[in-house]
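Colleague: mmCIF, C-alpha atoms and all ligand atoms, file protein_23.cif:
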```cif
data_query
#
loop_
_atom_site.label_atom_id
_atom_site.label_comp_id
_atom_site.auth_asym_id
_atom_site.auth_seq_id
_atom_site.Cartn_x
_atom_site.Cartn_y
_atom_site.Cartn_z
CA MET A 1 -8.72 41.35 10.80
CA ARG A 2 -9.56 42.09 7.19
CA THR A 3 -9.10 39.96 4.08
CA GLN A 4 -10.69 39.49 0.66
CA ILE A 5 -11.85 35.88 1.05
CA GLY A 6 -12.52 34.24 4.41
CA ILE A 7 -12.10 30.47 4.04
CA VAL A 8 -13.74 28.20 6.62
CA GLY A 9 -12.02 24.78 6.72
CA ALA A 10 -8.50 23.57 5.88
CA GLY A 11 -9.45 20.36 4.09
CA PRO A 12 -8.55 19.81 0.44
CA ALA A 13 -11.20 22.30 -0.75
CA GLY A 14 -10.18 25.16 1.57
CA LEU A 15 -6.43 24.73 1.16
CA VAL A 16 -6.50 24.40 -2.64
CA LEU A 17 -8.85 27.38 -2.91
CA ALA A 18 -6.49 29.48 -0.76
CA HIS A 19 -3.60 28.39 -2.98
CA LEU A 20 -5.38 29.18 -6.27
CA LEU A 21 -6.45 32.59 -4.93
CA HIS A 22 -2.88 33.37 -3.87
CA LEU A 23 -1.66 32.59 -7.40
CA ARG A 24 -4.18 35.16 -8.62
CA GLY A 25 -2.95 37.75 -6.12
CA ILE A 26 -6.05 37.47 -3.93
CA GLU A 27 -5.74 37.52 -0.13
CA SER A 28 -7.45 35.01 2.08
CA ILE A 29 -7.41 33.75 5.67
CA VAL A 30 -8.00 30.03 6.33
CA LEU A 31 -9.69 28.99 9.60
CA GLU A 32 -9.54 25.41 10.87
CA THR A 33 -11.04 23.99 14.07
CA ARG A 34 -8.56 21.09 14.22
CA SER A 35 -4.83 21.20 14.89
CA ARG A 36 -2.25 21.12 12.11
CA LYS A 37 -1.08 17.71 13.35
CA TYR A 38 -4.62 16.34 13.26
CA ILE A 39 -5.37 17.34 9.66
CA GLU A 40 -1.94 16.19 8.50
CA GLU A 41 -2.44 12.74 10.02
CA ARG A 42 -6.15 12.12 9.31
CA VAL A 43 -6.28 8.98 7.14
CA ARG A 44 -8.85 9.30 4.36
CA ALA A 45 -8.84 9.22 0.59
CA GLY A 46 -6.02 8.16 -1.63
CA LEU A 47 -7.14 7.99 -5.22
CA LEU A 48 -6.68 11.08 -7.38
CA GLU A 49 -8.07 11.60 -10.86
CA GLN A 50 -5.82 12.80 -13.66
CA GLY A 51 -7.42 16.27 -13.52
CA THR A 52 -6.71 16.54 -9.78
CA VAL A 53 -3.07 15.52 -10.23
CA ASP A 54 -2.64 17.95 -13.15
CA LEU A 55 -4.11 20.80 -11.08
CA LEU A 56 -1.73 20.18 -8.17
CA ILE A 57 1.32 19.87 -10.45
CA GLU A 58 0.46 22.84 -12.67
CA THR A 59 -0.03 25.11 -9.65
CA GLY A 60 3.32 24.18 -8.11
CA VAL A 61 2.29 21.97 -5.19
CA GLY A 62 2.90 18.63 -6.91
CA GLU A 63 6.67 18.14 -6.53
CA ARG A 64 6.53 15.49 -3.80
CA LEU A 65 3.41 13.99 -5.41
CA LYS A 66 5.37 13.50 -8.65
CA ARG A 67 8.17 11.75 -6.75
CA GLU A 68 6.11 9.55 -4.44
CA CYS A 69 2.85 8.79 -6.23
CA LEU A 70 1.85 5.50 -7.81
CA THR A 71 0.20 5.64 -11.24
CA HIS A 72 -2.46 3.05 -12.03
CA HIS A 73 -3.64 2.01 -15.49
CA GLY A 74 -6.53 -0.21 -14.47
CA ILE A 75 -8.53 -1.81 -11.66
CA GLU A 76 -9.76 -5.32 -10.96
CA LEU A 77 -13.39 -6.26 -10.38
CA ARG A 78 -13.50 -9.54 -8.45
CA PHE A 79 -16.66 -11.62 -8.12
CA ASN A 80 -17.57 -15.30 -8.08
CA ARG A 81 -13.91 -16.06 -7.27
CA ARG A 82 -12.64 -14.59 -10.52
CA GLY A 83 -10.80 -11.38 -11.29
CA HIS A 84 -11.55 -9.17 -14.30
CA ARG A 85 -9.35 -6.25 -15.29
CA ILE A 86 -10.75 -2.92 -16.46
CA ASP A 87 -7.97 -1.51 -18.64
CA PHE A 88 -7.86 2.29 -18.60
CA ASP A 89 -5.19 2.54 -21.32
CA ASP A 90 -7.53 0.79 -23.69
CA LEU A 91 -10.87 2.13 -22.45
CA ALA A 92 -10.24 5.59 -21.02
CA GLY A 93 -8.13 7.13 -23.76
CA GLY A 94 -4.89 6.74 -21.79
CA LYS A 95 -6.17 8.51 -18.66
CA THR A 96 -4.73 7.10 -15.43
CA VAL A 97 -5.50 7.42 -11.71
CA THR A 98 -2.96 8.16 -9.03
CA ILE A 99 -2.45 6.88 -5.52
CA TYR A 100 -1.26 9.63 -3.17
CA ALA A 101 -2.80 9.91 0.28
CA GLN A 102 -5.09 12.82 1.10
CA GLN A 103 -3.06 13.69 4.20
CA GLU A 104 0.04 14.00 2.01
CA VAL A 105 -1.83 16.46 -0.24
CA ILE A 106 -2.78 18.34 2.94
CA LYS A 107 0.84 18.39 4.18
CA ASP A 108 2.06 19.78 0.84
CA LEU A 109 -0.58 22.52 0.80
CA VAL A 110 -0.04 23.55 4.43
CA ALA A 111 3.73 23.63 3.86
CA ALA A 112 3.30 25.82 0.74
CA ARG A 113 1.02 28.21 2.61
CA LEU A 114 3.32 28.55 5.62
CA ALA A 115 6.41 28.90 3.38
CA ALA A 116 4.69 31.82 1.62
CA ASN A 117 3.91 33.34 5.04
CA LEU A 118 0.17 33.33 4.40
CA PRO A 119 -2.41 33.20 7.19
CA ILE A 120 -3.90 29.91 8.35
CA LEU A 121 -5.29 29.62 11.87
CA PHE A 122 -5.55 26.18 13.46
CA ASP A 123 -7.44 25.19 16.62
CA VAL A 124 -10.04 27.95 16.29
CA GLU A 125 -13.39 27.53 18.08
CA ASP A 126 -17.01 28.61 17.77
CA VAL A 127 -16.81 29.77 14.15
CA THR A 128 -19.91 31.65 12.92
CA VAL A 129 -20.56 33.45 9.62
CA HIS A 130 -22.53 36.75 9.36
CA ASP A 131 -23.99 39.33 6.95
CA PHE A 132 -23.38 37.37 3.76
CA ASP A 133 -26.89 37.66 2.36
CA GLY A 134 -26.83 41.19 1.00
CA GLY A 135 -24.53 43.96 -0.15
CA ALA A 136 -22.84 44.46 3.22
CA SER A 137 -19.38 43.15 4.01
CA PRO A 138 -19.66 39.71 5.57
CA SER A 139 -17.76 38.66 8.66
CA ILE A 140 -16.58 35.51 10.40
CA ARG A 141 -16.46 35.37 14.19
CA PHE A 142 -14.45 32.79 16.13
CA ARG A 143 -12.27 32.24 19.16
CA SER A 144 -8.54 31.74 18.85
CA ALA A 145 -6.30 31.04 21.87
CA GLY A 146 -9.23 32.02 24.09
CA LYS A 147 -9.69 35.45 22.41
CA GLU A 148 -12.81 36.56 20.47
CA GLU A 149 -11.82 37.48 16.91
CA VAL A 150 -13.59 38.75 13.82
CA ILE A 151 -12.57 38.69 10.17
CA HIS A 152 -14.19 41.18 7.80
CA CYS A 153 -14.06 40.02 4.20
CA ASP A 154 -15.62 40.45 0.74
CA TYR A 155 -16.74 36.86 0.34
CA ILE A 156 -16.82 33.69 2.44
CA ALA A 157 -15.91 30.23 1.16
CA GLY A 158 -17.60 27.47 3.16
CA CYS A 159 -15.11 24.61 2.80
CA ASP A 160 -15.88 23.11 6.21
CA GLY A 161 -17.00 19.63 5.20
CA PHE A 162 -20.30 17.85 5.65
CA HIS A 163 -20.63 18.62 9.37
CA GLY A 164 -19.52 22.25 9.07
CA ILE A 165 -21.39 25.42 10.01
CA CYS A 166 -21.60 27.20 6.65
CA ARG A 167 -24.32 25.18 4.92
CA PRO A 168 -26.62 25.32 7.99
CA ALA A 169 -26.10 29.10 8.10
CA ILE A 170 -27.96 29.47 4.78
CA PRO A 171 -31.73 29.85 5.32
CA ALA A 172 -33.27 26.40 4.84
CA SER A 173 -35.97 27.96 2.64
CA VAL A 174 -33.48 28.74 -0.15
CA LEU A 175 -31.75 25.34 -0.22
CA THR A 176 -32.96 22.19 -1.87
CA THR A 177 -31.29 19.03 -0.58
CA TRP A 178 -31.30 15.44 -1.74
CA GLY A 179 -29.88 12.67 0.40
CA ARG A 180 -29.74 9.00 1.17
CA ASP A 181 -28.03 7.06 3.93
CA TYR A 182 -26.90 3.62 2.83
CA PRO A 183 -27.63 0.66 5.11
CA TYR A 184 -23.92 -0.21 5.53
CA ALA A 185 -20.57 1.38 6.38
CA TRP A 186 -16.87 0.97 5.56
CA LEU A 187 -14.31 -0.25 8.03
CA GLY A 188 -10.97 1.02 6.69
CA ILE A 189 -7.52 -0.11 7.76
CA LEU A 190 -4.01 0.99 6.96
CA ALA A 191 -1.63 -1.95 7.28
CA ASP A 192 2.13 -2.21 7.45
CA VAL A 193 2.36 -4.92 4.80
CA PRO A 194 3.25 -4.82 1.09
CA PRO A 195 0.08 -4.79 -1.02
CA SER A 196 -1.00 -8.20 -2.28
CA THR A 197 -1.87 -6.58 -5.59
CA ASP A 198 -0.44 -4.02 -8.03
CA GLU A 199 -3.85 -2.57 -8.87
CA LEU A 200 -6.95 -1.84 -6.78
CA ILE A 201 -9.37 -4.73 -6.31
CA TYR A 202 -13.10 -4.07 -5.90
CA ALA A 203 -14.62 -7.32 -4.63
CA HIS A 204 -18.26 -8.37 -4.66
CA HIS A 205 -18.98 -11.18 -2.20
CA GLY A 206 -22.04 -12.80 -0.65
CA ASP A 207 -20.91 -11.52 2.76
CA GLY A 208 -20.39 -7.96 1.49
CA PHE A 209 -17.99 -5.68 -0.36
CA ALA A 210 -14.22 -5.40 0.12
CA LEU A 211 -11.64 -3.08 -1.47
CA HIS A 212 -7.88 -3.57 -1.63
CA SER A 213 -6.04 -0.31 -2.15
CA LEU A 214 -2.52 0.72 -1.25
CA ARG A 215 -0.38 3.64 -0.18
CA SER A 216 3.14 2.57 -1.12
CA PRO A 217 5.08 -0.58 -2.03
CA ALA A 218 5.18 -1.25 1.74
CA VAL A 219 1.76 -0.09 3.00
CA SER A 220 -1.69 -1.47 2.17
CA ARG A 221 -5.06 0.25 2.55
CA LEU A 222 -8.09 -2.02 2.78
CA TYR A 223 -11.81 -1.49 3.25
CA LEU A 224 -14.50 -3.86 4.39
CA GLN A 225 -18.27 -3.43 4.25
CA VAL A 226 -19.75 -3.67 7.76
CA ASP A 227 -23.23 -3.09 9.12
CA ASN A 228 -24.30 0.39 10.15
CA GLY A 229 -23.71 0.96 13.82
CA GLU A 230 -20.79 -1.49 14.06
CA GLN A 231 -18.19 -0.50 16.67
CA LEU A 232 -14.42 -0.87 16.17
CA ALA A 233 -14.25 -2.73 19.47
CA ALA A 234 -16.11 -5.61 17.79
CA TRP A 235 -13.43 -5.81 15.09
CA PRO A 236 -10.08 -7.02 16.44
CA ASP A 237 -7.42 -7.24 13.74
CA GLU A 238 -7.72 -11.02 13.37
CA ARG A 239 -11.43 -10.72 12.61
CA ILE A 240 -10.81 -8.02 10.00
CA TRP A 241 -8.11 -10.06 8.22
CA ALA A 242 -10.23 -13.22 8.28
CA GLU A 243 -13.17 -11.37 6.77
CA LEU A 244 -11.01 -9.65 4.14
CA SER A 245 -9.37 -12.96 3.17
CA ARG A 246 -12.77 -14.56 2.71
CA ARG A 247 -14.15 -11.76 0.58
CA PHE A 248 -11.10 -11.56 -1.70
CA GLU A 249 -10.83 -15.33 -2.02
CA LEU A 250 -9.44 -16.39 -5.40
CA PRO A 251 -7.73 -19.68 -6.25
CA GLY A 252 -3.96 -19.21 -6.23
CA TRP A 253 -4.06 -15.77 -4.57
CA THR A 254 -3.34 -14.91 -0.95
CA LEU A 255 -3.99 -11.76 1.01
CA GLU A 256 -0.82 -10.87 2.93
CA GLN A 257 -1.44 -9.72 6.50
CA GLY A 258 0.49 -7.32 8.71
CA PRO A 259 0.25 -4.92 11.66
CA VAL A 260 -2.73 -2.57 11.49
CA LEU A 261 -1.58 1.07 11.73
CA ASP A 262 -4.97 2.82 11.61
CA LYS A 263 -8.58 1.69 11.82
CA SER A 264 -11.82 3.64 11.32
CA ILE A 265 -15.49 3.23 10.37
CA THR A 266 -17.14 5.59 7.88
CA PRO A 267 -20.86 5.86 7.20
CA MET A 268 -21.95 5.94 3.56
CA ARG A 269 -24.25 8.60 2.19
CA SER A 270 -25.22 10.50 -0.92
CA PHE A 271 -26.09 14.16 -0.36
CA VAL A 272 -26.40 17.18 -2.64
CA CYS A 273 -27.51 20.71 -1.79
CA ALA A 274 -28.37 23.44 -4.27
CA PRO A 275 -27.59 26.18 -4.89
CA MET A 276 -23.97 26.16 -3.77
CA ARG A 277 -24.01 29.94 -3.45
CA TYR A 278 -26.09 32.23 -1.28
CA GLY A 279 -25.21 35.93 -1.57
CA ARG A 280 -21.58 36.30 -0.56
CA LEU A 281 -21.23 32.77 0.79
CA PHE A 282 -20.01 29.99 -1.53
CA LEU A 283 -19.99 26.31 -0.53
CA ALA A 284 -17.35 23.93 -1.92
CA GLY A 285 -16.52 20.25 -1.46
CA ASP A 286 -18.14 18.06 1.18
CA ALA A 287 -19.85 21.15 2.65
CA ALA A 288 -22.17 21.02 -0.37
CA HIS A 289 -22.19 17.37 -1.40
CA ILE A 290 -21.17 13.89 -0.23
CA VAL A 291 -20.80 10.70 -2.20
CA PRO A 292 -20.29 7.17 -0.87
CA PRO A 293 -16.57 6.40 -1.24
CA THR A 294 -16.88 3.44 -3.65
CA GLY A 295 -16.15 5.57 -6.73
CA ALA A 296 -13.31 7.53 -5.01
CA LYS A 297 -14.86 10.84 -6.03
CA GLY A 298 -15.15 13.05 -2.90
CA LEU A 299 -11.72 14.65 -2.86
CA ASN A 300 -11.71 14.99 -6.63
CA LEU A 301 -15.07 16.77 -6.56
CA ALA A 302 -13.84 19.11 -3.83
CA LEU A 303 -10.91 20.20 -6.02
CA ALA A 304 -13.10 20.48 -9.12
CA ASP A 305 -15.37 22.89 -7.20
CA VAL A 306 -12.59 25.22 -6.14
CA ALA A 307 -11.06 25.17 -9.64
CA VAL A 308 -14.34 26.83 -10.70
CA LEU A 309 -14.63 29.01 -7.60
CA ALA A 310 -11.20 30.68 -7.75
CA PRO A 311 -11.71 32.38 -11.16
CA ALA A 312 -15.32 33.17 -10.22
CA LEU A 313 -14.19 35.03 -7.06
CA ASP A 314 -11.42 36.75 -9.02
CA ALA A 315 -13.98 38.06 -11.53
CA LEU A 316 -16.37 39.08 -8.72
CA LEU A 317 -13.67 41.13 -7.02
CA HIS A 318 -13.33 42.94 -10.35
CA GLY A 319 -17.06 43.62 -10.50
CA ASP A 320 -18.02 40.81 -12.87
CA ASP A 321 -20.70 38.46 -11.46
CA LYS A 322 -21.04 36.18 -14.49
CA LEU A 323 -18.85 33.24 -13.38
CA ALA A 324 -20.11 33.49 -9.80
CA ALA A 325 -23.70 33.42 -11.01
CA SER A 326 -23.06 30.16 -12.86
CA TYR A 327 -20.77 28.66 -10.15
CA SER A 328 -23.41 26.44 -8.63
CA ALA A 329 -24.83 25.13 -11.92
CA THR A 330 -21.34 24.52 -13.33
CA CYS A 331 -20.26 22.49 -10.30
CA LEU A 332 -23.53 20.62 -9.89
CA GLU A 333 -23.29 19.14 -13.36
CA ARG A 334 -20.13 17.25 -12.33
CA VAL A 335 -21.48 16.62 -8.83
CA TRP A 336 -24.57 14.86 -10.17
CA ARG A 337 -22.51 12.76 -12.59
CA SER A 338 -20.27 11.65 -9.71
CA THR A 339 -23.28 11.16 -7.44
CA HIS A 340 -24.77 8.80 -9.97
CA PHE A 341 -21.49 6.95 -10.61
CA SER A 342 -20.77 6.54 -6.88
CA TRP A 343 -24.33 5.29 -6.24
CA TRP A 344 -24.00 2.87 -9.17
CA MET A 345 -20.67 1.44 -8.00
CA THR A 346 -21.91 1.24 -4.42
CA THR A 347 -25.18 -0.55 -5.13
CA MET A 348 -23.57 -2.89 -7.66
CA LEU A 349 -20.93 -4.04 -5.17
CA HIS A 350 -22.43 -3.96 -1.65
CA ARG A 351 -24.80 -6.39 -0.02
CA ALA A 352 -27.86 -4.61 1.35
CA PRO A 353 -29.07 -6.17 4.63
CA THR A 354 -32.52 -6.50 3.08
CA ALA A 355 -31.22 -7.92 -0.22
CA ASP A 356 -33.19 -10.89 -1.47
CA PRO A 357 -31.56 -13.58 -3.64
CA LEU A 358 -32.86 -11.80 -6.75
CA ALA A 359 -30.96 -8.62 -5.83
CA THR A 360 -27.68 -10.55 -5.66
CA GLN A 361 -28.31 -12.17 -9.06
CA LEU A 362 -29.07 -8.77 -10.57
CA GLN A 363 -25.76 -7.41 -9.22
CA LEU A 364 -23.87 -10.36 -10.68
CA ALA A 365 -25.62 -9.97 -14.04
CA GLN A 366 -24.57 -6.32 -14.07
CA LEU A 367 -20.96 -7.17 -13.10
CA ARG A 368 -20.73 -9.82 -15.84
CA TYR A 369 -22.04 -7.27 -18.32
CA VAL A 370 -19.56 -4.60 -17.19
CA VAL A 371 -16.58 -6.92 -17.74
CA ALA A 372 -17.91 -8.51 -20.95
CA SER A 373 -19.21 -5.49 -22.82
CA ARG A 374 -16.71 -2.95 -24.12
CA ALA A 375 -19.40 -0.25 -23.95
CA ALA A 376 -20.17 -0.98 -20.29
CA ALA A 377 -16.50 -1.29 -19.30
CA THR A 378 -15.84 2.04 -21.05
CA THR A 379 -18.59 3.68 -18.99
CA LEU A 380 -16.90 2.52 -15.81
CA ALA A 381 -13.38 3.48 -16.97
CA GLU A 382 -14.44 6.91 -18.23
CA ASN A 383 -16.25 7.82 -15.01
CA TYR A 384 -13.63 6.31 -12.70
CA THR A 385 -10.70 8.15 -14.29
CA GLY A 386 -12.78 11.34 -14.33
CA PHE A 387 -13.70 14.13 -16.68
CA ALA A 388 -11.60 17.17 -17.57
CA MET A 389 -11.72 20.03 -15.08
CA HIS A 390 -12.99 23.49 -15.94
P1 LIG B 1 -12.98 17.99 4.53
O1 LIG B 1 -11.81 17.19 4.12
O2 LIG B 1 -13.98 17.39 5.44
O3 LIG B 1 -12.41 19.32 5.20
C1 LIG B 1 -13.21 20.21 5.95
C2 LIG B 1 -12.35 20.85 7.00
O4 LIG B 1 -13.11 21.83 7.70
C3 LIG B 1 -11.88 19.85 8.05
O5 LIG B 1 -10.48 19.97 8.21
C4 LIG B 1 -12.64 20.24 9.30
O6 LIG B 1 -11.90 19.99 10.48
C5 LIG B 1 -12.85 21.72 9.08
N1 LIG B 1 -14.01 22.28 9.78
C6 LIG B 1 -15.20 21.70 10.06
N2 LIG B 1 -16.00 22.57 10.70
C7 LIG B 1 -15.31 23.73 10.80
C8 LIG B 1 -15.62 25.00 11.35
N3 LIG B 1 -16.79 25.24 11.93
N4 LIG B 1 -14.71 25.96 11.28
C9 LIG B 1 -13.49 25.73 10.69
N5 LIG B 1 -13.14 24.55 10.16
C10 LIG B 1 -14.04 23.56 10.21
N6 LIG B 1 -12.34 10.91 -2.04
C11 LIG B 1 -11.65 10.68 -3.18
O7 LIG B 1 -11.67 11.54 -4.07
N7 LIG B 1 -10.93 9.55 -3.39
C12 LIG B 1 -10.89 8.56 -2.46
O8 LIG B 1 -10.16 7.57 -2.65
C13 LIG B 1 -11.68 8.73 -1.26
N8 LIG B 1 -11.68 7.77 -0.32
C14 LIG B 1 -12.27 8.04 0.90
C15 LIG B 1 -12.17 7.09 1.87
C16 LIG B 1 -12.73 7.34 3.11
C17 LIG B 1 -12.64 6.28 4.16
C18 LIG B 1 -13.34 8.61 3.39
C19 LIG B 1 -13.91 8.93 4.75
C20 LIG B 1 -13.44 9.56 2.40
C21 LIG B 1 -12.92 9.29 1.15
N9 LIG B 1 -12.99 10.23 0.13
C22 LIG B 1 -12.37 9.98 -1.06
C23 LIG B 1 -13.67 11.51 0.35
C24 LIG B 1 -12.74 12.67 0.71
O9 LIG B 1 -11.92 12.33 1.81
C25 LIG B 1 -13.57 13.92 1.02
O10 LIG B 1 -14.51 14.11 0.00
C26 LIG B 1 -12.68 15.18 1.12
O11 LIG B 1 -11.99 15.18 2.34
C27 LIG B 1 -13.52 16.46 1.03
O12 LIG B 1 -12.71 17.59 1.21
P2 LIG B 1 -13.29 18.92 1.81
O13 LIG B 1 -12.15 19.87 1.88
O14 LIG B 1 -14.50 19.32 1.09
O15 LIG B 1 -13.80 18.52 3.27
C1 LIG B 2 -9.30 4.48 -1.93
C2 LIG B 2 -10.52 4.86 -1.43
C3 LIG B 2 -11.65 4.68 -2.20
O1 LIG B 2 -12.85 5.09 -1.74
C4 LIG B 2 -11.58 4.09 -3.45
O2 LIG B 2 -12.70 3.88 -4.16
C5 LIG B 2 -10.35 3.71 -3.93
C6 LIG B 2 -9.21 3.90 -3.17
C7 LIG B 2 -8.10 4.67 -1.10
O3 LIG B 2 -8.22 5.18 0.01
O4 LIG B 2 -7.00 4.30 -1.55
#
```
Could I get this structure in the form of structure tokens?
Modeller:
Amino acid sequence: MRTQIGIVGAGPAGLVLAHLLHLRGIESIVLETRSRKYIEERVRAGLLEQGTVDLLIETGVGERLKRECLTHHGIELRFNRRGHRIDFDDLAGGKTVTIYAQQEVIKDLVAARLAANLPILFDVEDVTVHDFDGGASPSIRFRSAGKEEVIHCDYIAGCDGFHGICRPAIPASVLTTWGRDYPYAWLGILADVPPSTDELIYAHHGDGFALHSLRSPAVSRLYLQVDNGEQLAAWPDERIWAELSRRFELPGWTLEQGPVLDKSITPMRSFVCAPMRYGRLFLAGDAAHIVPPTGAKGLNLALADVAVLAPALDALLHGDDKLAASYSATCLERVWRSTHFSWWMTTMLHRAPTADPLATQLQLAQLRYVVASRAAATTLAENYTGFAMH
């Protein structure tokens, strides 16, 4: 097989990159280790920045999004049994955020790719990347339906997520990495019950953080801070609802409960690697960086990366290295801003197992400041709604 760009991974980064390249007349092949059904059903993110929504709509894969999405003009910060609204219309220059599930974005992108008869291979195994460090043509080896295959290409895009094979294929001596594992995790549920709120609620509580999000007028998405190493078996539905109700507690407000449709536990980490390019291999999305989910930035960062990468690869294929040479630095500027914002939201809202009473008071002082000071609330609103894409 031969193509211009070999794309490893059919997550948001890989699929949007393939789509943007196609619009520029550039060929690619997408390889994915999971099945189509698996990636279209994997429950993950749901909050899209304005720039992400605009990108999907402007490039023709936003029709269903436009019909089914929910637009939000603010969020609530809840602490000490009181709610405080952060108003994006007032504080973020009219920018909004959009609820549309990641797996719906994936479905739309896969459908567009298949409708255009473009190659995407699911269920591949043993993917390895080769000869990307010099002038030679790189290749990707893998097994598909039991057969050894090889793709020869001009460039490789490593869009294979945090646990992928592309980042580890770069010699460790050329990469600098920064990382931190947080001492807590998120237990996320999808529940067949109308949301108890119109806007997202980020709750600080002595027992730990909780987040009320939603997917539709009929389906709620909720997250609960749990200890690292917790097993789902220890969290029957009744225990989850009881804990959520306690953490969201507010006089006159009730958390509606319903059947749990999906349940998972996600570790929380910050991670950045630089540079995001090595020779003919480019990393994008979670393959290069991870943020804890509290700021809802991961998917948005993945799309921001490939919005820079597509024109850079286009120019490279025409012999111009300038955009590709600055790819890593351009992306990392946004990545570090989001890394800081996500760390800030996370540490302001979660209870660290080692937290002393002073730490809790400092968090509450910061939360009171954020909701009382226009400058501080603007900082949150501006970062949360996101910055313009390149
Ligand atoms: P991924 O989505 O991880 O895609 C990588 C793909 O590569 C996968 O399909 C994987 O199967 C495939 N793959 C792996 N290895 C190989 C291989 N060797 N060969 C071929 N394919 C391979 N972000 C937000 O912006 N907003 C939110 O509200 C938000 N909430 C979140 C809530 C939770 C609970 C979680 C877990 C994440 C959340 N995120 C959020 C983060 C977001 O889901 C990720 O940042 C996003 O999926 C990154 O996209 P990606 O394409 O870079 O990587
Ligand atoms: C969602 C996830 C997040 O991490 C977040 O900060 C907000 C919303 C969600 O899945 O809806």
Colleague: Calculate how many Å separate CA of Ala388 (chain A) from CA of Asp54 (chain A), rounding to one decimal.
Modeller: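 Separation between CA of Ala388 (chain A) and CA of Asp54 (chain A): 10.0 Å.
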Colleague: Can you tell me which residues sit at most 7 Å away from ligand LIG 2 (chain B), counting all atoms listed in the file, written as a PyMOL selection string?
Modeller: chain A and resi 44-47+99+213-215+221+293-296
Colleague: Which residue is closest to Met1 (chain A)? Choose from A:Leu380, A:Ile140, A:Val308, A:Ala324 and count all atoms listed in the file.
Modeller: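 Of the candidates, the smallest distance to Met1 (chain A) is held by A:Ile140.
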Colleague: Residues at most 7 Å from ligand LIG 1 (chain B), using all atoms listed in the file? Could they come as a ChimeraX atom specification?
Modeller: /A:8-14,31-34,39,44-48,102,124,126-127,159-165,186,188,266,284-287,290,293,296-302
Colleague: Give me, as a CSV table (one decimal) with C-alpha atoms, in the coordinates of the input, all polymer residues having an atom no more than 9 Å from Arg141 (chain A), counting only C-alpha atoms and skipping those fewer than 2 positions away in the same chain.
Modeller:
```
chain,number,residue,atom,x,y,z
A,126,ASP,CA,-17.0,28.6,17.8
A,127,VAL,CA,-16.8,29.8,14.2
A,128,THR,CA,-19.9,31.6,12.9
A,129,VAL,CA,-20.6,33.4,9.6
A,130,HIS,CA,-22.5,36.8,9.4
A,139,SER,CA,-17.8,38.7,8.7
A,143,ARG,CA,-12.3,32.2,19.2
A,148,GLU,CA,-12.8,36.6,20.5
A,149,GLU,CA,-11.8,37.5,16.9
A,150,VAL,CA,-13.6,38.8,13.8
A,151,ILE,CA,-12.6,38.7,10.2
A,152,HIS,CA,-14.2,41.2,7.8
```
Colleague: Could you tell me how far CA of Arg2 (chain A) sits from CA of Arg113 (chain A), in Å to one decimal place?
Modeller: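 Between CA of Arg113 (chain A) and CA of Arg2 (chain A) the gap works out to 18.0 Å.
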Colleague: Mind giving me the straight-line distance from CA of His340 (chain A) to CA of Met389 (chain A) in Å, one decimal?
Modeller: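 Interatomic distance, CA of His340 (chain A) to CA of Met389 (chain A): 18.0 Å.
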